[in-house]
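Written below as structure tokens is the structure these notes are about.
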Amino acid sequence: AQSVTQLDSQVPVFEEAPVELRCNYSSSVSVYLFWYVQYPNQGLQLLLKYLSGSTLVKGINGFEAEFNKSQTSFHLRKPSVHISDTAEYFCAVSDRGFKTIFGAGTRLFVKA
Amino acid sequence: EAGVTQSPTHLIKTRGQQATLRCSPISGHTSVYWYQQALGLGLQFLLWYDEGEERNRGNFPPRFSGRQFPNYSSELNVNALELEDSALYLCASLRDTSYEQYFGPGTRLTVT
């Protein structure tokens with residue numbers, strides 16, 4: 001069985017500071033990994049995904065994530081955040097069989 | 001390419017009533033997923049439909065049901081509504097070549 005753990009429920013950070021949102025997963029099979037963002041009162045939007053190949057994945061809005069197989073992690077990073085990045089971020093893992101498990105979410109709050 | 005659409009945007013029902021939520025996937029997507037996002041509980045997987053068949057369901061009672069039509073649109077029905085059914089219900093369709101889910105804006109169900 002797969003599981004996803006987002007280690008921080010809330011992350012407050014000042015504008016223009018760097019941020020890392022942590023995600024760990026467990027799975028007995030090879031997986032695909034995703035980060036989604038949800039702005040208030042909206043659905044989820046894909047930020048980036050890891051399917052194979054390079055372990056450093058670049059996504060939209062300046063975000064990137066690194067797949068670390070030995071540590072079973074897929075942490076999301078951004079070198080300089082903006083007020084508009086305030087949102088909830090979800091890490092997700094798929095077992096390549098159309099089943100996707102989502103983490104509980106991390107609320108990023110960017111302060112001026 | 002039109003995105004995933006959901007209707008209605010908001011739905012207010014009283015306890016004991018039935019609710020019907022609708023979802024239209026992106027053209028060419030045959031899989032539809034339903035999730036419940038209650039306040040503070042993250043995304044909880046409800047149902048997965050593919051090619052008109054229910055493929056999997058989450059840990060929800062039988063009063064949560066649905067179906068997928070020949071045009072791949074889907075309906076989620078919730079019978080005997082309870083107060084704790086109040087949540088944002090998200091629909092997603094799947095692009096099977098990348099296992100990436102595309103989300104609709106959601107239907108906010110309020111049970112009073």
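Residues are named by chain letter and number: chains run A, B, ... in the order of the structure tokens, numbers start at 1 in each chain, and ligands are numbered from 1 in the order shown.
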
Residues of chain A within 6 Å of chain B, only C-alpha atoms counted, as a PyMOL selection string: chain A and resi 42-44+104

Shell of 8 Å around Asn79 of chain B, only C-alpha atoms, local chain residues under 5 positions omitted, as a VMD selection string: chain B and resid 16 to 19 63 to 64

Written selection (N, CA, C and O atoms) as a PDB file, in the first residue's frame:
ATOM      1  N   GLY B  16     -30.994  14.788   5.316  1.00  0.00           N
ATOM      2  CA  GLY B  16     -31.936  13.782   4.866  1.00  0.00           C
ATOM      3  C   GLY B  16     -32.251  13.839   3.379  1.00  0.00           C
ATOM      4  O   GLY B  16     -32.749  12.856   2.810  1.00  0.00           O
ATOM      5  N   GLN B  17     -31.971  14.976   2.755  1.00  0.00           N
ATOM      6  CA  GLN B  17     -32.228  15.094   1.315  1.00  0.00           C
ATOM      7  C   GLN B  17     -31.142  14.380   0.508  1.00  0.00           C
ATOM      8  O   GLN B  17     -30.186  13.835   1.040  1.00  0.00           O
ATOM      9  N   GLN B  18     -31.339  14.394  -0.828  1.00  0.00           N
ATOM     10  CA  GLN B  18     -30.360  13.815  -1.731  1.00  0.00           C
ATOM     11  C   GLN B  18     -29.695  14.933  -2.535  1.00  0.00           C
ATOM     12  O   GLN B  18     -30.356  15.948  -2.858  1.00  0.00           O
ATOM     13  N   ALA B  19     -28.431  14.736  -2.870  1.00  0.00           N
ATOM     14  CA  ALA B  19     -27.703  15.703  -3.690  1.00  0.00           C
ATOM     15  C   ALA B  19     -27.142  14.993  -4.914  1.00  0.00           C
ATOM     16  O   ALA B  19     -26.692  13.843  -4.824  1.00  0.00           O
ATOM     17  N   ARG B  63     -24.275   5.195   0.728  1.00  0.00           N
ATOM     18  CA  ARG B  63     -25.149   6.298   0.294  1.00  0.00           C
ATOM     19  C   ARG B  63     -24.426   7.270  -0.631  1.00  0.00           C
ATOM     20  O   ARG B  63     -25.039   8.156  -1.221  1.00  0.00           O
ATOM     21  N   PHE B  64     -23.108   7.096  -0.740  1.00  0.00           N
ATOM     22  CA  PHE B  64     -22.329   7.809  -1.756  1.00  0.00           C
ATOM     23  C   PHE B  64     -22.244   6.878  -2.965  1.00  0.00           C
ATOM     24  O   PHE B  64     -21.677   5.783  -2.870  1.00  0.00           O
TER      25      PHE B  64
END

Long-range neighbours of Tyr25 of chain A as a VMD selection string, 7 Å cut-off, only C-alpha atoms, 6 positions minimum in chain: chain A and resid 3 to 5 72 to 73

Who sits within 12 Å of Ile83 of chain A, only C-alpha atoms, same chain under 6 positions skipped, as a ChimeraX atom specification: /A:12-17,108-112

Sel. of strand (DSSP E or B) residues, segment 18-102 of chain A, as a ChimeraX atom specification: /A:19-21,23-26,32-38,44-50,56-58,64-68,73-78,87-94,100-102

Å distance separating atom CA of Leu109 of chain B from atom CA of Thr5 of chain B, one decimal place: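 Calculated distance between atom CA of Leu109 of chain B and atom CA of Thr5 of chain B is 15.8 Å.
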
Helix (DSSP H, G or I) residues, from DSSP on the backbone, in chain A, as a ChimeraX atom specification: /A:60-62,83-85

Quick one: everything within 7 Å of Val19 of chain A, counting only C-alpha atoms, minus sequence neighbours fewer than 6 positions away in the same chain. Send it as a PDB file with C-alpha atoms, in the first residue's frame.
ATOM      1  CA  ARG A  77      11.204  24.233  -3.268  1.00  0.00           C
ATOM      2  CA  LYS A  78      11.098  27.801  -4.464  1.00  0.00           C
ATOM      3  CA  PRO A  79      14.050  30.187  -4.051  1.00  0.00           C
TER       4      PRO A  79
END

Spatial neighbours of Leu76 of chain B, 9 Å, only C-alpha atoms, chain gap at least 4 places, as a list of chain:residue names: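 After dropping sequence-adjacent residues, the list is B:Ala19, B:Thr20, B:Leu21, B:Arg22, B:Cys23, B:Trp34, B:Leu47, B:Phe64, B:Ser65, B:Gly66, B:Arg67.
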